[in-house]
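Structure record follows, encoded as structure tokens.
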Amino acid sequence: MNQEAQWLLPDGVEEVLPGRARAIEQLRRRTLDLYQQWGYELVFPPLIEFLESLLNGAGRDLERETFKITDQLTGRLMGVRADITPQVARMDAHSLRQNAPTRLCYCSSALRTRPAVAGGTRLPYQIGVELFGHAGVDSDLEVISLLLETLKLSGLDQDVVLDLGHVGLFRGLVEACEFSEADQYRLEDIYVRKARVELETFVGERDLPAKAGEALLALPWLAGGAAVLEQARTLLSNFPAALDALTELSELVDVLSAKGINLHLDLGELRGYHYHTGSVFAAYLPGESEPLAKGGRYDHIGEVFGRARPATGFSADLKMLAAQLVTDVAGGILAEGSLRDAGFAASVAALRERGERVVLALPGADNDPQVLGCQRKLVQADNGWIIQDL
């Protein structure tokens with residue numbers, strides 16, 4: 001076997017070395033502590049499930065991204081989760097079954113057959129929150145606010161642009177036009193690709209009311225600042241369901257703008273249209289095509305599990321959030337002694353109990369303090385074990 005092949009990893013699969021692993025783990029602890037302060041309870045969904053359960057409901061959109069394996073015990077197909085959100089929705093609907101709003105959070109690895117963007121990872125370390133049992137702007141605002149607090153912990157909040165939309169605008173137009181299911185899917189695809197010429201052809205081939213055709217042609221390009229909301233209000237004046245969605249979006253914009261959040265509105269955004277039912281949002285760094293975090297409202301996600309509670313949430317790849325964080329292990333203590341010495345062992349234990357990082361200097365090893373991240377040492381003196389600067 002080629003020696004190089006023994007250490008090569010598949011495309012989109014990466015190992016995490018100590019410095020970066022330390023930054024990711026420290027951010028994970030701080031972030032989960034933040035979620036606990038907001039009332040979100042930690043859950044651990046399983047890494048693999050039977051395929052029919054994993055790809056139920058919203059999970060159907062993940063079929064092409066899901067690795068399939070055969071269960072050696074039953075012979076049934078299983079899948080390795082590509083996204084944790086549908087699993088958490090099942091836990092709320094089937095396992096917990098609470099009537100009060102349920103706030104859940106998670107942090108674990110997922111696996112995808114392909115990266116979200118070229119050169120991206122297929123092994124996201126997914127962290128997120130889900131709020132079940134409340135429909136309306138207040139729970140959307142809670143989740144978006146928590147997303148922004150998450151980015152603040154990562155040191156990424158200053159330059160972030162929050163992209164904001166509402167799938168109810170498009171859905172209200174489509175329902176008013178009474179399109180066939182095939183036409184709805186075709187129109188959705190055109191909107192996702194923002195294919196202007198195809199859209200003009202699609203609308204021109206159908207006998208639509210003038211206002212509906214005008215709105216369908218304009219909606220994908222209503223993007224920018226808050227001014228587009230007034231343009232949309234005029235454009236959608238004949239479509240009550242779309243206007244209701246616009247009112248919800250306007251309330252979100254008013255609150256977030258008052259907080260000084262840098263917003264970009266995209267009224268034709270249809271990301272996750274098959275399962276999103278309301279506001280959709282994503283946080284971007286300027287010039288980047290892959291979002292730091294994304295989420296939205298998906299009120300029917302638990303229906304397939306027998307309990308369609310309203311829901312909203314977001315998720316992010318913790319490895320991406322921690323990419324700019326730098327941690328330093330300097331300040332550790334190099335302990336020069338043997339654990340066979342009871343006094344030395346007690347001194348080391350006491351230091352670690354106080355929160356100190358203590359590294360044992362092993363006999364015969366190259367105990368380079370700089371490599372080991374130590375700036376002090378524990379040495380024996382006449383009155384016991386003392387700490388000295390190196």
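Every chain in the structure tokens takes a letter, A first, then B, and so on in the order presented; its residues are numbered from 1, and the ligands are numbered from 1 following the presented order.
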May I have a table of the residues of stretch 81-190 of chain A lying at most 10 Å from stretch 300-311 of chain A, giving each one's closest pair of atoms and their distance in Å to one decimal, counting only C-alpha atoms, ordered by chain and ascending residue number, as a Markdown table?
| residue | atom | partner | partner_atom | distance |
| --- | --- | --- | --- | --- |
| A:Thr85 | CA | A:Ile301 | CA | 9.4 |
| A:Pro86 | CA | A:Ile301 | CA | 7.3 |
| A:Gln87 | CA | A:Gly302 | CA | 9.8 |
| A:Val88 | CA | A:Gly302 | CA | 9.4 |
| A:Ala89 | CA | A:Gly302 | CA | 5.7 |
| A:Arg90 | CA | A:Gly302 | CA | 6.2 |
| A:Met91 | CA | A:Gly302 | CA | 9.1 |
| A:Asp92 | CA | A:Gly302 | CA | 7.8 |
| A:Ala93 | CA | A:Arg307 | CA | 5.2 |
| A:His94 | CA | A:Phe305 | CA | 6.2 |
| A:Ser95 | CA | A:Phe305 | CA | 9.9 |
| A:Arg97 | CA | A:Arg307 | CA | 8.2 |
| A:Asn99 | CA | A:Arg309 | CA | 9.4 |
| A:Pro101 | CA | A:Ala311 | CA | 9.3 |
| A:Thr102 | CA | A:Ala311 | CA | 9.3 |
| A:Arg103 | CA | A:Ala311 | CA | 9.8 |
| A:Glu130 | CA | A:Ala311 | CA | 6.9 |
| A:Leu131 | CA | A:Ala311 | CA | 5.5 |
| A:Phe132 | CA | A:Ala311 | CA | 4.3 |
| A:Gly133 | CA | A:Pro310 | CA | 5.2 |
| A:His134 | CA | A:Pro310 | CA | 5.6 |
| A:Ala135 | CA | A:Pro310 | CA | 5.4 |
| A:Gly136 | CA | A:Pro310 | CA | 8.9 |
| A:Ser139 | CA | A:Ala311 | CA | 8.6 |
| A:Asp140 | CA | A:Ala311 | CA | 9.0 |
> Can you tell me, as an MDAnalysis selection string, what residues are no more than 12 Å from A:Arg76 when counting only C-alpha atoms, ignoring any on the same chain fewer than 2 positions away?
Replying inline: chainID A and resid 49:53 68:74 78:79
> If you count only C-alpha atoms, which residues fall within 10 Å of A:Arg196, apart from same-chain ones fewer than 5 positions away, as number ranges by chain?
Replying inline: A: 190-191, 201-202, 217-218, 220-221
>> If DSSP is run on the backbone, what residues of stretch 15-242 of chain A are strand (DSSP E)? A reply as a PyMOL selection string would be ideal.
In response: chain A and resi 41-42+48-50+67-70+77-80+102-109+125-132+161-166+223-224
Just-selected residues, N, CA and C atoms written as a short mmCIF file (atom, residue, chain, number, x, y, z; two decimals), in the first residue's frame:
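selection_38.cif, freshly written:
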data_model
loop_
_atom_site.label_atom_id
_atom_site.label_comp_id
_atom_site.auth_asym_id
_atom_site.auth_seq_id
_atom_site.Cartn_x
_atom_site.Cartn_y
_atom_site.Cartn_z
N GLU A 41 -32.67 22.95 27.52
CA GLU A 41 -32.19 21.70 28.10
C GLU A 41 -31.41 20.90 27.06
N LEU A 42 -30.28 20.33 27.48
CA LEU A 42 -29.41 19.59 26.58
C LEU A 42 -29.96 18.19 26.31
N ILE A 48 -27.10 7.21 14.78
CA ILE A 48 -27.73 6.47 13.70
C ILE A 48 -29.14 6.07 14.11
N GLU A 49 -30.01 5.95 13.10
CA GLU A 49 -31.38 5.52 13.32
C GLU A 49 -31.84 4.71 12.13
N PHE A 50 -32.96 4.01 12.28
CA PHE A 50 -33.56 3.37 11.12
C PHE A 50 -33.94 4.46 10.11
N PHE A 67 -25.77 9.23 4.67
CA PHE A 67 -25.10 7.95 4.46
C PHE A 67 -26.00 6.83 4.96
N LYS A 68 -26.15 5.77 4.13
CA LYS A 68 -26.99 4.63 4.50
C LYS A 68 -26.11 3.42 4.81
N ILE A 69 -26.49 2.69 5.83
CA ILE A 69 -25.79 1.46 6.20
C ILE A 69 -26.82 0.39 6.54
N THR A 70 -26.39 -0.86 6.54
CA THR A 70 -27.29 -1.96 6.88
C THR A 70 -27.04 -2.39 8.32
N LEU A 77 -32.29 -1.00 6.82
CA LEU A 77 -31.43 0.12 6.48
C LEU A 77 -31.43 1.14 7.62
N MET A 78 -30.25 1.66 7.90
CA MET A 78 -30.10 2.72 8.89
C MET A 78 -29.41 3.90 8.21
N GLY A 79 -29.53 5.06 8.82
CA GLY A 79 -28.87 6.24 8.30
C GLY A 79 -28.06 6.92 9.39
N VAL A 80 -26.93 7.50 9.00
CA VAL A 80 -26.15 8.35 9.89
C VAL A 80 -26.68 9.77 9.72
N THR A 102 -41.27 23.95 24.97
CA THR A 102 -40.11 23.11 25.25
C THR A 102 -38.89 23.72 24.57
N ARG A 103 -37.86 23.94 25.36
CA ARG A 103 -36.61 24.51 24.84
C ARG A 103 -35.52 23.45 24.94
N LEU A 104 -34.98 23.05 23.80
CA LEU A 104 -33.96 22.02 23.76
C LEU A 104 -32.73 22.53 23.01
N CYS A 105 -31.55 22.04 23.42
CA CYS A 105 -30.32 22.37 22.72
C CYS A 105 -29.50 21.10 22.56
N TYR A 106 -28.52 21.16 21.67
CA TYR A 106 -27.71 19.98 21.37
C TYR A 106 -26.36 20.42 20.83
N CYS A 107 -25.40 19.53 20.91
CA CYS A 107 -24.09 19.76 20.30
C CYS A 107 -23.47 18.41 20.03
N SER A 108 -23.34 18.05 18.77
CA SER A 108 -22.80 16.75 18.42
C SER A 108 -22.44 16.74 16.94
N SER A 109 -21.75 15.69 16.51
CA SER A 109 -21.31 15.58 15.13
C SER A 109 -22.43 15.08 14.24
N TYR A 125 -19.74 19.92 13.28
CA TYR A 125 -19.94 19.72 14.72
C TYR A 125 -21.10 20.63 15.08
N GLN A 126 -22.30 20.09 14.95
CA GLN A 126 -23.51 20.91 14.93
C GLN A 126 -23.97 21.28 16.33
N ILE A 127 -24.18 22.57 16.53
CA ILE A 127 -24.73 23.07 17.78
C ILE A 127 -25.97 23.89 17.44
N GLY A 128 -26.98 23.81 18.30
CA GLY A 128 -28.18 24.56 17.99
C GLY A 128 -29.21 24.50 19.09
N VAL A 129 -30.30 25.23 18.87
CA VAL A 129 -31.42 25.26 19.81
C VAL A 129 -32.72 25.11 19.03
N GLU A 130 -33.72 24.56 19.70
CA GLU A 130 -35.06 24.44 19.13
C GLU A 130 -36.06 24.82 20.21
N LEU A 131 -37.04 25.64 19.82
CA LEU A 131 -38.09 26.07 20.74
C LEU A 131 -39.42 25.57 20.19
N PHE A 132 -40.06 24.66 20.90
CA PHE A 132 -41.32 24.05 20.46
C PHE A 132 -42.48 24.57 21.32
N VAL A 161 -23.70 40.01 9.20
CA VAL A 161 -24.91 40.48 8.55
C VAL A 161 -25.98 39.40 8.73
N LEU A 162 -27.14 39.79 9.24
CA LEU A 162 -28.24 38.85 9.43
C LEU A 162 -29.17 38.93 8.23
N ASP A 163 -29.20 37.85 7.44
CA ASP A 163 -30.08 37.76 6.28
C ASP A 163 -31.44 37.27 6.75
N LEU A 164 -32.50 37.99 6.41
CA LEU A 164 -33.82 37.73 6.98
C LEU A 164 -34.87 37.68 5.88
N GLY A 165 -35.73 36.66 5.94
CA GLY A 165 -36.82 36.54 4.98
C GLY A 165 -38.01 35.86 5.62
N HIS A 166 -39.02 35.55 4.79
CA HIS A 166 -40.23 34.89 5.30
C HIS A 166 -40.86 34.12 4.15
N ALA A 223 -34.81 42.84 -2.31
CA ALA A 223 -33.76 42.55 -1.33
C ALA A 223 -33.02 43.83 -1.01
N GLY A 224 -32.55 43.89 0.24
CA GLY A 224 -31.80 45.08 0.67
C GLY A 224 -32.20 45.49 2.07
#
How close does each residue of stretch 237-347 of chain A get to stretch 17-22 of chain A, giving the shortest atom pair and distance in Å to one decimal for every residue with an atom at most 8 Å away, counting only C-alpha atoms, sorted by chain and residue number, as JSON lines?
{"residue": "A:Ala322", "atom": "CA", "partner": "A:Arg20", "partner_atom": "CA", "distance": 7.8}
{"residue": "A:Ala323", "atom": "CA", "partner": "A:Arg20", "partner_atom": "CA", "distance": 7.7}
{"residue": "A:Val326", "atom": "CA", "partner": "A:Arg20", "partner_atom": "CA", "distance": 7.8}
{"residue": "A:Thr327", "atom": "CA", "partner": "A:Gly19", "partner_atom": "CA", "distance": 6.9}
Those residues with N, CA and C atoms, as a short mmCIF file (atom, residue, chain, number, x, y, z; two decimals), in the first residue's frame please?
data_model
loop_
_atom_site.label_atom_id
_atom_site.label_comp_id
_atom_site.auth_asym_id
_atom_site.auth_seq_id
_atom_site.Cartn_x
_atom_site.Cartn_y
_atom_site.Cartn_z
N ALA A 322 -15.61 28.60 15.87
CA ALA A 322 -14.36 28.70 16.64
C ALA A 322 -13.14 28.93 15.76
N ALA A 323 -13.34 29.10 14.45
CA ALA A 323 -12.21 29.17 13.53
C ALA A 323 -11.25 30.31 13.84
N VAL A 326 -8.37 31.92 19.36
CA VAL A 326 -7.02 31.48 19.69
C VAL A 326 -6.96 31.26 21.19
N THR A 327 -6.49 30.10 21.60
CA THR A 327 -6.33 29.82 23.02
C THR A 327 -4.87 29.53 23.32
#
